[in-house]
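*Asks:* Contents of query.txt (compact mmCIF, C-alpha atoms and all ligand atoms):
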```txt
# COMPACT_ATOMS: atom_id res chain seq x y z
CA MET A 232 -7.56 -7.95 -5.25
CA GLN A 233 -10.41 -10.38 -5.24
CA THR A 234 -12.90 -10.08 -2.36
CA ASN A 235 -16.65 -9.97 -1.70
CA ASN A 236 -18.51 -6.71 -1.06
CA VAL A 237 -20.30 -6.67 2.31
CA ALA A 238 -21.93 -4.26 4.74
CA ARG A 239 -19.76 -3.35 7.70
CA ASN A 240 -22.04 -5.06 10.24
CA SER A 241 -21.75 -8.42 8.48
CA LEU A 242 -17.96 -8.59 8.76
CA PRO A 243 -16.54 -11.67 10.48
CA SER A 244 -15.19 -11.15 14.01
CA PRO A 245 -11.42 -11.16 14.39
CA ASP A 246 -9.93 -14.11 16.28
CA ASP A 247 -8.60 -13.43 19.80
CA ILE A 248 -4.95 -12.96 18.77
CA SER A 249 -5.87 -10.53 15.97
CA ALA A 250 -8.19 -8.59 18.29
CA VAL A 251 -5.39 -8.17 20.87
CA HIS A 252 -2.97 -7.07 18.13
CA SER A 253 -5.50 -4.59 16.74
CA GLU A 254 -5.93 -3.08 20.21
CA ARG A 255 -2.13 -2.60 20.42
CA VAL A 256 -2.18 -0.81 17.04
CA ALA A 257 -5.15 1.29 18.17
CA ALA A 258 -3.29 2.31 21.34
CA HIS A 259 -0.26 3.32 19.24
CA ILE A 260 -2.46 5.45 16.96
CA ARG A 261 -4.29 6.99 19.94
CA ASP A 262 -0.87 8.05 21.33
CA ALA A 263 0.03 9.63 17.98
CA ILE A 264 -3.29 11.50 17.95
CA ALA A 265 -2.79 12.72 21.53
CA ASN A 266 0.79 13.83 20.73
CA ALA A 267 -0.50 15.71 17.69
CA GLY A 268 -2.96 17.65 19.83
CA GLY A 269 -6.18 15.71 19.18
CA SER A 270 -6.22 14.68 15.52
CA ILE A 271 -4.02 13.43 12.67
CA SER A 272 -4.63 13.58 8.92
CA PHE A 273 -6.16 10.49 7.34
CA ALA A 274 -2.89 9.95 5.43
CA GLU A 275 -1.04 9.76 8.75
CA PHE A 276 -3.66 7.38 10.14
CA MET A 277 -3.36 5.12 7.06
CA GLN A 278 0.45 5.21 7.31
CA LEU A 279 0.32 4.06 10.95
CA ALA A 280 -2.41 1.44 10.43
CA LEU A 281 -0.50 -0.14 7.53
CA TYR A 282 3.16 0.57 8.25
CA ALA A 283 3.83 1.46 11.92
CA PRO A 284 7.05 -0.51 12.62
CA GLY A 285 6.27 -3.93 14.11
CA LEU A 286 2.56 -3.10 14.35
CA GLY A 287 1.02 -2.00 11.04
CA TYR A 288 -0.88 -4.32 8.74
CA TYR A 289 2.06 -4.71 6.34
CA SER A 290 4.81 -4.42 8.97
CA ALA A 291 3.59 -7.09 11.40
CA GLY A 292 2.88 -10.77 10.92
CA ALA A 293 -0.72 -10.88 9.63
CA THR A 294 -1.20 -13.43 6.83
CA LYS A 295 -2.55 -10.73 4.45
CA LEU A 296 -2.40 -12.43 1.05
CA GLY A 297 -3.92 -15.77 0.04
CA ALA A 298 -6.81 -18.00 1.10
CA ASP A 299 -5.98 -17.67 4.84
CA GLY A 300 -5.47 -13.91 4.62
CA ASP A 301 -7.63 -10.98 3.56
CA PHE A 302 -7.32 -10.77 -0.22
CA VAL A 303 -5.88 -12.49 -3.26
CA THR A 304 -3.79 -10.74 -5.93
CA ALA A 305 -3.22 -11.77 -9.56
CA PRO A 306 0.13 -13.52 -8.93
CA GLU A 307 -1.63 -15.59 -6.24
CA ILE A 308 -4.43 -16.53 -8.62
CA SER A 309 -2.20 -17.93 -11.34
CA PRO A 310 1.42 -18.16 -12.50
CA LEU A 311 0.04 -17.27 -15.96
CA PHE A 312 0.03 -13.64 -14.81
CA GLY A 313 3.77 -13.69 -14.05
CA HIS A 314 4.53 -15.66 -17.20
CA VAL A 315 2.88 -13.02 -19.40
CA LEU A 316 4.60 -10.21 -17.46
CA ALA A 317 7.92 -12.00 -17.97
CA ARG A 318 7.28 -11.87 -21.73
CA GLN A 319 6.89 -8.07 -21.50
CA CYS A 320 10.08 -7.88 -19.39
CA ALA A 321 11.97 -9.98 -21.95
CA SER A 322 10.94 -7.56 -24.70
CA VAL A 323 12.31 -4.60 -22.70
CA LEU A 324 15.46 -6.40 -21.49
CA ASP A 325 16.19 -7.34 -25.10
CA GLN A 326 16.20 -3.63 -26.00
CA VAL A 327 18.12 -2.45 -22.92
CA GLY A 328 20.93 -4.99 -23.30
CA ALA A 329 22.02 -6.20 -19.87
CA GLY A 330 19.31 -5.01 -17.48
CA ASP A 331 17.84 -6.19 -14.18
CA VAL A 332 14.31 -6.75 -12.94
CA PHE A 333 13.11 -4.83 -9.88
CA GLU A 334 9.93 -5.72 -8.00
CA PRO A 335 8.86 -3.30 -5.24
CA GLY A 336 6.54 -4.93 -2.68
CA ALA A 337 6.82 -8.56 -3.81
CA GLY A 338 3.98 -9.99 -1.65
CA THR A 339 4.45 -13.72 -1.01
CA GLY A 340 7.12 -13.98 -3.75
CA ALA A 341 4.70 -15.74 -6.14
CA LEU A 342 5.28 -13.21 -8.94
CA ALA A 343 9.08 -13.50 -8.60
CA VAL A 344 8.89 -17.31 -8.81
CA ALA A 345 6.67 -17.21 -11.94
CA MET A 346 8.70 -14.48 -13.66
CA LEU A 347 12.16 -15.91 -12.95
CA SER A 348 11.30 -19.33 -14.37
CA LYS A 349 9.66 -17.85 -17.48
CA LEU A 350 12.53 -15.38 -18.01
CA GLU A 351 14.99 -18.28 -17.98
CA GLU A 352 12.82 -20.18 -20.49
CA LEU A 353 12.80 -17.10 -22.74
CA GLY A 354 16.58 -16.66 -22.45
CA PHE A 355 16.39 -13.42 -20.46
CA LEU A 356 17.18 -14.48 -16.89
CA PRO A 357 18.51 -11.24 -15.32
CA ASP A 358 21.71 -11.18 -13.28
CA ARG A 359 19.82 -9.47 -10.49
CA TYR A 360 16.16 -9.64 -9.44
CA LEU A 361 15.83 -6.80 -6.92
CA ILE A 362 13.06 -6.72 -4.31
CA LEU A 363 12.32 -3.71 -2.11
CA GLU A 364 10.09 -4.96 0.68
CA VAL A 365 8.93 -2.70 3.51
CA SER A 366 7.54 -5.67 5.45
CA ALA A 367 10.06 -7.88 7.30
CA ASP A 368 7.42 -10.59 7.54
CA LEU A 369 6.77 -10.64 3.77
CA ARG A 370 10.49 -10.56 3.00
CA GLU A 371 10.87 -13.76 5.01
CA ARG A 372 7.94 -15.37 3.22
CA GLN A 373 9.40 -14.39 -0.16
CA GLU A 374 12.76 -15.96 0.64
CA THR A 375 11.12 -19.15 1.93
CA LEU A 376 8.97 -19.46 -1.20
CA ILE A 377 11.83 -18.86 -3.62
CA ARG A 378 14.07 -21.27 -1.69
CA SER A 379 11.43 -24.00 -1.82
CA ARG A 380 10.17 -23.47 -5.40
CA CYS A 381 13.24 -22.34 -7.35
CA PRO A 382 16.41 -22.33 -5.17
CA GLN A 383 18.55 -22.09 -8.31
CA TYR A 384 17.56 -18.38 -8.62
CA LEU A 385 18.09 -17.41 -4.99
CA ASP A 386 21.58 -15.99 -5.56
CA ARG A 387 20.16 -13.61 -8.17
CA VAL A 388 17.48 -12.24 -5.83
CA LYS A 389 18.69 -9.23 -3.83
CA TRP A 390 16.55 -7.59 -1.16
CA ILE A 391 17.31 -3.88 -1.08
CA ALA A 392 16.40 -1.36 1.60
CA GLU A 393 15.94 1.65 -0.65
CA LEU A 394 15.52 2.49 -4.33
CA PRO A 395 18.68 1.90 -6.36
CA ALA A 396 20.52 5.11 -7.28
CA ARG A 397 20.61 4.05 -10.96
CA PHE A 398 18.57 1.33 -12.59
CA GLU A 399 18.46 -0.22 -16.04
CA GLY A 400 15.88 -2.83 -16.90
CA VAL A 401 12.24 -3.38 -15.89
CA VAL A 402 10.36 -2.41 -12.76
CA VAL A 403 7.25 -4.51 -12.14
CA ALA A 404 4.92 -3.07 -9.49
CA ASN A 405 1.73 -5.03 -8.98
CA GLU A 406 -0.76 -3.51 -6.53
CA ILE A 407 1.75 -1.20 -4.84
CA ALA A 408 0.30 2.23 -5.65
CA ASP A 409 -3.06 1.28 -4.07
CA ALA A 410 -1.30 0.58 -0.75
CA ILE A 411 0.34 4.02 -0.47
CA PRO A 412 -1.40 6.32 2.06
CA VAL A 413 -3.78 8.95 0.69
CA GLU A 414 -5.30 12.21 1.90
CA ARG A 415 -9.09 12.40 2.11
CA PHE A 416 -10.96 15.64 1.55
CA ARG A 417 -14.46 16.99 1.20
CA ILE A 418 -15.97 20.16 -0.24
CA ARG A 419 -18.12 22.11 2.17
CA ASN A 420 -19.50 25.60 1.45
CA ARG A 421 -17.03 25.94 -1.46
CA LYS A 422 -14.11 25.31 0.88
CA VAL A 423 -11.78 22.30 0.81
CA GLU A 424 -11.73 20.41 4.11
CA GLN A 425 -9.16 17.81 5.14
CA ALA A 426 -10.41 14.54 6.65
CA ARG A 427 -8.67 13.96 9.95
CA VAL A 428 -8.94 11.21 12.53
CA ALA A 429 -9.71 11.99 16.16
CA ILE A 430 -10.65 9.89 19.19
CA ASP A 431 -14.24 9.35 20.29
CA GLY A 432 -14.18 7.27 23.50
CA LYS A 433 -12.42 4.02 22.51
CA ASN A 434 -13.14 4.49 18.81
CA PHE A 435 -11.66 6.59 16.05
CA ALA A 436 -13.86 9.26 14.51
CA TRP A 437 -13.71 11.51 11.46
CA GLN A 438 -13.07 15.19 11.92
CA PHE A 439 -13.03 17.73 9.07
CA ASP A 440 -10.83 20.85 9.28
CA LEU A 441 -10.02 23.53 6.76
CA ALA A 442 -7.45 21.97 4.41
CA PRO A 443 -3.80 23.04 4.58
CA ASP A 444 -2.59 24.99 1.52
CA LEU A 445 -0.89 22.02 -0.15
CA LEU A 446 -4.07 19.94 -0.14
CA ARG A 447 -6.25 22.90 -1.14
CA HIS A 448 -4.00 23.62 -4.13
CA ALA A 449 -3.97 19.96 -5.13
CA VAL A 450 -7.78 19.91 -5.16
CA MET A 451 -7.84 23.13 -7.19
CA GLU A 452 -5.50 21.48 -9.72
CA ILE A 453 -7.89 18.54 -10.00
CA GLU A 454 -10.78 20.94 -10.66
CA THR A 455 -8.74 22.65 -13.39
CA ASP A 456 -7.85 19.28 -14.97
CA ILE A 457 -11.41 17.97 -15.03
CA GLY A 458 -12.91 21.35 -15.99
CA ARG A 459 -15.47 21.31 -13.19
CA ALA A 460 -15.72 22.59 -9.63
CA LEU A 461 -16.31 19.65 -7.28
CA GLU A 462 -19.82 19.78 -5.89
CA ASP A 463 -20.71 20.72 -2.31
CA GLY A 464 -20.51 17.61 -0.11
CA TYR A 465 -18.22 15.83 -2.58
CA GLU A 466 -15.73 13.54 -0.79
CA SER A 467 -12.74 11.79 -2.27
CA GLU A 468 -9.06 10.97 -1.97
CA ILE A 469 -5.88 12.35 -3.42
CA ALA A 470 -2.56 10.50 -3.41
CA PRO A 471 0.49 12.79 -3.27
CA GLY A 472 2.43 9.77 -1.94
CA VAL A 473 1.84 7.87 -5.20
CA SER A 474 3.10 10.82 -7.26
CA HIS A 475 6.25 11.07 -5.09
CA TRP A 476 6.84 7.33 -5.40
CA VAL A 477 6.47 7.47 -9.20
CA THR A 478 8.86 10.46 -9.30
CA ASP A 479 11.42 8.56 -7.20
CA ILE A 480 11.20 5.43 -9.38
CA SER A 481 11.37 7.54 -12.56
CA ASN A 482 14.42 9.41 -11.30
CA CYS A 483 16.42 6.23 -10.72
CA MET A 484 15.48 4.74 -14.10
CA ARG A 485 18.30 5.25 -16.64
CA SER A 486 16.94 3.07 -19.41
CA GLY A 487 14.06 0.62 -19.54
CA ALA A 488 10.43 0.47 -18.44
CA VAL A 489 8.13 0.47 -15.44
CA LEU A 490 5.04 -1.75 -15.54
CA LEU A 491 2.57 -0.53 -12.98
CA ILE A 492 -0.50 -2.74 -12.52
CA ASP A 493 -3.34 -1.75 -10.25
CA TYR A 494 -7.05 -1.06 -10.08
CA GLY A 495 -7.55 2.45 -11.28
CA VAL A 496 -9.07 4.91 -13.69
CA THR A 497 -8.31 8.23 -15.38
CA ARG A 498 -8.61 11.48 -13.43
CA ARG A 499 -11.93 12.36 -15.04
CA GLU A 500 -13.36 8.99 -14.00
CA TYR A 501 -11.80 9.24 -10.54
CA TYR A 502 -13.51 12.55 -9.82
CA ALA A 503 -16.71 11.88 -11.78
CA PRO A 504 -19.82 13.71 -10.48
CA ASP A 505 -21.46 10.49 -9.29
CA ARG A 506 -18.37 9.25 -7.40
CA VAL A 507 -19.26 11.29 -4.32
CA GLN A 508 -17.67 9.03 -1.69
CA GLY A 509 -14.29 8.35 -3.29
CA TRP A 510 -12.53 5.06 -3.90
CA LEU A 511 -11.26 3.94 -0.52
CA ARG A 512 -11.77 0.25 0.30
CA CYS A 513 -10.85 -2.05 3.17
CA HIS A 514 -10.23 -5.78 2.97
CA PHE A 515 -10.76 -8.10 5.91
CA ARG A 516 -10.92 -11.90 5.60
CA HIS A 517 -12.00 -11.72 1.95
CA HIS A 518 -14.72 -9.17 2.64
CA VAL A 519 -14.58 -5.64 1.31
CA HIS A 520 -16.13 -2.64 3.08
CA ASP A 521 -15.56 1.12 3.36
CA ASP A 522 -14.72 1.88 7.00
CA PRO A 523 -10.95 2.38 7.43
CA LEU A 524 -11.28 3.46 11.07
CA ILE A 525 -12.12 -0.02 12.39
CA LEU A 526 -9.87 -3.08 12.80
CA PRO A 527 -6.63 -1.01 12.77
CA GLY A 528 -3.58 -3.09 11.86
CA ILE A 529 -5.54 -6.20 10.90
CA GLN A 530 -7.33 -5.04 7.78
CA ASP A 531 -5.94 -3.73 4.51
CA ILE A 532 -6.78 -0.14 3.55
CA THR A 533 -6.49 0.69 -0.11
CA THR A 534 -7.62 3.11 -2.81
CA TRP A 535 -7.98 2.97 -6.56
CA VAL A 536 -5.27 4.73 -8.52
CA ASP A 537 -5.63 8.00 -10.43
CA PHE A 538 -3.58 6.91 -13.48
CA SER A 539 -3.59 10.44 -14.94
CA ALA A 540 -1.67 11.57 -11.83
CA VAL A 541 0.79 8.70 -12.31
CA ALA A 542 1.32 9.71 -15.95
CA SER A 543 1.86 13.39 -14.98
CA ALA A 544 4.42 12.55 -12.28
CA ALA A 545 6.30 10.27 -14.69
CA ALA A 546 6.21 12.85 -17.50
CA GLU A 547 7.56 15.54 -15.18
CA ALA A 548 10.47 13.21 -14.40
CA GLY A 549 11.12 12.75 -18.13
CA MET A 550 9.51 9.32 -18.63
CA ASP A 551 7.24 8.47 -21.57
CA VAL A 552 3.88 6.78 -21.15
CA ALA A 553 4.43 3.58 -23.14
CA GLY A 554 0.82 2.43 -22.84
CA TYR A 555 -2.25 2.27 -20.62
CA VAL A 556 -4.30 -0.89 -21.10
CA THR A 557 -6.73 -3.05 -19.18
CA GLN A 558 -5.35 -6.18 -17.53
CA ALA A 559 -7.38 -8.28 -19.98
CA HIS A 560 -5.73 -6.55 -22.95
CA LEU A 561 -2.30 -6.77 -21.33
CA LEU A 562 -2.66 -10.52 -20.94
CA MET A 563 -4.32 -11.24 -24.26
CA ALA A 564 -1.98 -9.14 -26.38
CA GLY A 565 0.99 -10.03 -24.19
CA GLY A 566 1.15 -13.77 -24.84
CA LEU A 567 -1.62 -15.52 -22.86
CA ALA A 568 -2.57 -17.60 -25.92
CA GLU A 569 1.05 -18.72 -26.32
CA GLU A 570 1.11 -19.67 -22.63
CA LEU A 571 -1.96 -21.83 -23.21
CA ALA A 572 -0.77 -23.36 -26.49
CA ASP A 573 -0.70 -26.83 -24.96
CA PHE A 574 -4.14 -26.47 -23.35
CA ALA A 575 -5.94 -29.13 -25.47
CA ASN A 576 -3.39 -31.78 -24.46
CA LEU A 577 -3.75 -31.20 -20.72
CA PRO A 578 -5.81 -33.44 -18.40
CA ILE A 579 -9.37 -32.21 -18.01
CA GLU A 580 -8.87 -31.21 -14.34
CA LYS A 581 -5.93 -29.00 -15.33
CA GLN A 582 -8.00 -27.45 -18.13
CA VAL A 583 -10.78 -26.62 -15.67
CA GLU A 584 -8.26 -25.12 -13.22
CA LEU A 585 -6.60 -22.97 -15.90
CA SER A 586 -9.96 -21.83 -17.33
CA GLY A 587 -11.00 -20.65 -13.88
CA GLN A 588 -7.76 -18.71 -13.47
CA VAL A 589 -8.04 -17.08 -16.91
CA LYS A 590 -11.63 -16.03 -16.16
CA LEU A 591 -10.60 -14.37 -12.87
CA LEU A 592 -7.70 -12.55 -14.51
CA THR A 593 -9.48 -11.38 -17.67
CA LEU A 594 -13.27 -11.17 -17.33
CA PRO A 595 -14.56 -7.57 -17.10
CA SER A 596 -16.65 -8.55 -14.07
CA GLU A 597 -13.52 -9.89 -12.29
CA MET A 598 -10.05 -8.31 -12.69
CA GLY A 599 -9.98 -7.82 -16.46
CA GLU A 600 -11.38 -4.32 -16.75
CA ASN A 601 -10.86 -2.56 -13.41
CA PHE A 602 -7.18 -3.44 -13.31
CA LYS A 603 -4.98 -1.50 -15.70
CA CYS A 604 -1.35 -1.72 -16.66
CA MET A 605 0.49 1.53 -17.24
CA GLY A 606 3.85 1.28 -18.96
CA LEU A 607 6.40 4.07 -18.43
CA SER A 608 9.65 4.08 -20.35
CA ARG A 609 12.92 5.90 -20.77
CA GLY A 610 15.48 5.57 -23.53
CA GLY A 611 13.30 5.13 -26.60
CA ILE A 612 12.00 1.67 -25.61
CA ILE A 613 9.47 0.20 -28.03
CA PRO A 614 6.45 -0.80 -25.90
CA PRO A 615 6.22 -4.55 -25.24
CA PRO A 616 3.39 -6.37 -27.08
CA GLY A 617 1.04 -6.36 -24.06
CA LEU A 618 0.91 -2.56 -24.12
CA ALA A 619 0.59 -2.17 -27.85
CA ALA A 620 -3.01 -3.28 -28.44
CA SER A 621 -6.03 -1.25 -27.28
CA ASP A 622 -3.91 1.49 -25.71
CA ARG A 623 -6.09 3.97 -23.79
CA ALA A 624 -3.32 6.48 -23.03
CA HIS A 625 -5.24 9.14 -24.99
CA MET A 626 -7.94 9.04 -22.27
CA LEU A 627 -5.56 10.01 -19.46
C1 LIG B 701 -1.46 -5.34 -1.96
S1 LIG B 701 0.18 -5.78 -1.58
C2 LIG B 701 0.72 -6.39 -3.15
C3 LIG B 701 1.80 -7.46 -3.03
C4 LIG B 701 2.30 -8.07 -4.34
N1 LIG B 701 2.89 -7.08 -5.23
C5 LIG B 701 1.23 -8.85 -5.05
O1 LIG B 701 0.80 -8.45 -6.12
O2 LIG B 701 0.81 -9.89 -4.53
C6 LIG B 701 0.92 -4.19 -1.43
C7 LIG B 701 2.41 -4.23 -1.16
O3 LIG B 701 2.98 -2.93 -1.39
C8 LIG B 701 4.03 -2.75 -0.48
N2 LIG B 701 4.43 -1.34 -0.48
C9 LIG B 701 3.73 -0.27 -0.10
N3 LIG B 701 4.44 0.87 -0.25
C10 LIG B 701 5.62 0.51 -0.79
C11 LIG B 701 6.78 1.21 -1.19
N4 LIG B 701 6.86 2.54 -1.07
N5 LIG B 701 7.80 0.51 -1.71
C12 LIG B 701 7.72 -0.82 -1.84
N6 LIG B 701 6.66 -1.55 -1.46
C13 LIG B 701 5.62 -0.90 -0.93
C14 LIG B 701 3.43 -3.29 0.80
O4 LIG B 701 4.39 -3.56 1.78
C15 LIG B 701 2.78 -4.57 0.27
O5 LIG B 701 3.70 -5.65 0.27
```
Render the structure in this file as structure tokens.
Ligand SMILES: C[S@@+](CC[C@H](N)C(=O)[O-])C[C@H]1O[C@@H](n2cnc3c(N)ncnc32)[C@H](O)[C@@H]1O
*Replies:*
Amino acid sequence: MQTNNVARNSLPSPDDISAVHSERVAAHIRDAIANAGGSISFAEFMQLALYAPGLGYYSAGATKLGADGDFVTAPEISPLFGHVLARQCASVLDQVGAGDVFEPGAGTGALAVAMLSKLEELGFLPDRYLILEVSADLRERQETLIRSRCPQYLDRVKWIAELPARFEGVVVANEIADAIPVERFRIRNRKVEQARVAIDGKNFAWQFDLAPDLLRHAVMEIETDIGRALEDGYESEIAPGVSHWVTDISNCMRSGAVLLIDYGVTRREYYAPDRVQGWLRCHFRHHVHDDPLILPGIQDITTWVDFSAVASAAAEAGMDVAGYVTQAHLLMAGGLAEELADFANLPIEKQVELSGQVKLLTLPSEMGENFKCMGLSRGGIIPPPGLAASDRAHML
């Protein structure tokens, strides 16, 4: 996601319609808190704020992605991103034989449009391009975009309500893991406390209670993995939901690969001694801040991904880690130069436009370094070219 960092008090005010909607979401969450006896875990709060049916940020009609929304993702920045991903898919589909492509959480449909056209050009147009979309509003936007930009592929696109029981081919998940609700915890007097959300007047407020066993054990496992006890006062997140999601995807994969792209780091980096406030971020109207308890239902809440946890969940389900590279390396080794082969012959305005897009996607100060691509595979798949150079899997 591309957004500007700002202090909470310099956020823009929501328009009247958004403010009314946010109040409806807040009332729904207040009811849930009251029904739960005064507080809910942060994971439950995040689930409601993002996914409460008809109300949550991703479930209701907020614009979300793009210039008029709250953030911009790589497929929105440039079709080059989808074209290079299609090259990686083609490499896997070639090995699998007759496989499909599956995109969970397809945003506006921009990635599907870019990938389908490139896959056809490469001679690997799949029979089925599956999309699992939890947001009815985004599903509608995806269909409208595909119908207007490439109607010839519409009969291959199938919206599914749950993970397929068996899947062969390539799963492409861009910025999904960061949108899955997380638990927050802190260490206090050598004890693990769970961050919970309670009500303070009309606002939501943090409350810290002794962590339930599951969370306490998960934190102890982190400490074992990183070889250090987390310091007193240390606060962070942990994402059991991401591990479950990776397990579910891995279990349905018969043969092929999963390409998981997101901002994230290894476990040691995630729980580094100086990262004392965790990795949670909120996006509102292209501003980024760190207060998830405000603007419920009209701002995105997201966390960076612990890629070591993703690799462990996949390995437990019998998948191999086929590579862990930065987005810049994925694109550069994966065929970006080939995509730009005609660059010198393009009109100057087009060259300027493409240069800007490449910079956003690849520069370390933009999306090039913080975003990683993790490849997971089953069935002895040779990693596609984008995962082969500068693999950092040994750091996980
Ligand atoms: C930040 S958006 C990314 C959208 C798109 N992939 C892109 O790159 O533009 C996160 C998306 O993940 C979806 N999502 C969250 N949990 C999901 C799940 N368990 N299965 C499928 N999609 C999910 C949300 O509905 C949302 O569309």
*Asks:* So, with only C-alpha atoms as the atoms that count, which of A:Ser539, A:Gln319, A:Thr455, A:Gln373 lies closest to Met346 in chain A?
*Replies:*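 The shortest atom-to-atom distance to Met346 in chain A comes from A:Gln319.
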*Asks:* Would you please work out which residue, of A:Leu242, A:Leu490, A:Ala624, A:Ala329, is nearest to ligand LIG 701 (chain B) when using all atoms listed in the file?
*Replies:*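 Going through A:Leu242, A:Leu490, A:Ala624, A:Ala329 one by one, the smallest distance to ligand LIG 701 (chain B) is for A:Leu490.
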*Asks:* Which of these, A:Leu577, A:Val365, A:Ile532, A:Val507, has the shortest distance to ligand LIG 701 (chain B) once you count all atoms listed in the file?
*Replies:* A:Val365
*Asks:* So, counting all atoms listed in the file, which residue among A:His259, A:Arg623, A:Arg387, A:His514 is closest to ligand LIG 701 (chain B)?
*Replies:*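 Among the listed residues, A:His514 lies closest to ligand LIG 701 (chain B).
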*Asks:* Counting all atoms listed in the file, figure out which residue out of A:Val519, A:Val428, A:Ile260, A:Val423 gets nearest to Leu445 in chain A.
*Replies:*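 That would be A:Val423, the residue with the smallest distance to Leu445 in chain A.
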*Asks:* Identify which of the residues A:Thr533, A:Asn601, A:Ser322, A:Asn420 lies closest to ligand LIG 701 (chain B), counting only C-alpha atoms and all ligand atoms when measuring atom-to-atom distances.
*Replies:*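 Counting only C-alpha atoms and all ligand atoms, the residue closest to ligand LIG 701 (chain B) is A:Thr533.
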*Asks:* So which residues are near ligand LIG 701 (chain B), meaning at most 7 Å away with all atoms listed in the file counted, given back as a PyMOL selection string?
*Replies:* chain A and resi 289+296+304-307+335-339+363-366+369+404-408+410-411+476
*Asks:* Record the distance separating CA of Met605 in chain A and CA of Leu324 in chain A, expressed in Å with one decimal.
*Replies:*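 CA of Leu324 in chain A lies at a distance of 17.5 Å from CA of Met605 in chain A.
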*Asks:* Within 12 Å of (14.8, -17.9, -19.9) (coordinates as in the file), grab all the protein and nucleic acid residues, counting only C-alpha atoms, and write them out as a PyMOL selection string.
*Replies:* chain A and resi 314+317-318+320-321+324-325+345-358+384
*Asks:* Quick check, in Å to one decimal: how far apart do CA of Thr375 in chain A and CA of Leu394 in chain A lie?
*Replies:*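 CA of Leu394 in chain A lies 23.0 Å from CA of Thr375 in chain A.
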*Asks:* Write out as a list in words which residues come within 9 Å of Ile430 in chain A when counting only C-alpha atoms, dropping same-chain ones fewer than 6 positions away.
*Replies:*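 Once the nearby chain positions are removed, what remains is Arg261, Ile264, Ala265, Gly269, Ser270, Ala436 and Trp437 of chain A.
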*Asks:* How would the residues just picked look written out with C-alpha atoms as an mmCIF file, in the frame of the given file?
*Replies:*
```cif
data_model
loop_
_atom_site.group_PDB
_atom_site.id
_atom_site.type_symbol
_atom_site.label_atom_id
_atom_site.label_comp_id
_atom_site.auth_asym_id
_atom_site.auth_seq_id
_atom_site.Cartn_x
_atom_site.Cartn_y
_atom_site.Cartn_z
ATOM 1 C CA ARG A 261 -4.290 6.990 19.940
ATOM 2 C CA ILE A 264 -3.290 11.500 17.950
ATOM 3 C CA ALA A 265 -2.790 12.720 21.530
ATOM 4 C CA GLY A 269 -6.180 15.710 19.180
ATOM 5 C CA SER A 270 -6.220 14.680 15.520
ATOM 6 C CA ALA A 436 -13.860 9.260 14.510
ATOM 7 C CA TRP A 437 -13.710 11.510 11.460
#
```
*Asks:* Could you add the missing atoms to range 365-373 of chain A, up to N, CA, C and O atoms, and return them as an mmCIF file, in the frame of the given file?
*Replies:*
```
data_model
loop_
_atom_site.group_PDB
_atom_site.id
_atom_site.type_symbol
_atom_site.label_atom_id
_atom_site.label_comp_id
_atom_site.auth_asym_id
_atom_site.auth_seq_id
_atom_site.Cartn_x
_atom_site.Cartn_y
_atom_site.Cartn_z
ATOM 1 N N VAL A 365 8.992 -3.466 2.253
ATOM 2 C CA VAL A 365 8.930 -2.700 3.510
ATOM 3 C C VAL A 365 8.526 -3.595 4.681
ATOM 4 O O VAL A 365 8.686 -3.210 5.834
ATOM 5 N N SER A 366 8.010 -4.783 4.390
ATOM 6 C CA SER A 366 7.540 -5.670 5.450
ATOM 7 C C SER A 366 8.541 -6.795 5.701
ATOM 8 O O SER A 366 8.821 -7.612 4.820
ATOM 9 N N ALA A 367 9.078 -6.846 6.946
ATOM 10 C CA ALA A 367 10.060 -7.880 7.300
ATOM 11 C C ALA A 367 9.414 -9.261 7.189
ATOM 12 O O ALA A 367 10.032 -10.233 6.747
ATOM 13 N N ASP A 368 8.131 -9.313 7.573
ATOM 14 C CA ASP A 368 7.420 -10.590 7.540
ATOM 15 C C ASP A 368 7.280 -11.102 6.096
ATOM 16 O O ASP A 368 7.556 -12.263 5.798
ATOM 17 N N LEU A 369 6.914 -10.208 5.159
ATOM 18 C CA LEU A 369 6.770 -10.640 3.770
ATOM 19 C C LEU A 369 8.123 -10.982 3.146
ATOM 20 O O LEU A 369 8.237 -11.915 2.359
ATOM 21 N N ARG A 370 9.154 -10.252 3.531
ATOM 22 C CA ARG A 370 10.490 -10.560 3.000
ATOM 23 C C ARG A 370 10.860 -11.999 3.336
ATOM 24 O O ARG A 370 11.379 -12.742 2.507
ATOM 25 N N GLU A 371 10.564 -12.401 4.584
ATOM 26 C CA GLU A 371 10.870 -13.760 5.010
ATOM 27 C C GLU A 371 10.058 -14.780 4.211
ATOM 28 O O GLU A 371 10.570 -15.808 3.778
ATOM 29 N N ARG A 372 8.781 -14.449 3.990
ATOM 30 C CA ARG A 372 7.940 -15.370 3.220
ATOM 31 C C ARG A 372 8.435 -15.494 1.784
ATOM 32 O O ARG A 372 8.399 -16.563 1.177
ATOM 33 N N GLN A 373 8.903 -14.366 1.226
ATOM 34 C CA GLN A 373 9.400 -14.390 -0.160
ATOM 35 C C GLN A 373 10.615 -15.306 -0.259
ATOM 36 O O GLN A 373 10.699 -16.154 -1.153
#
```
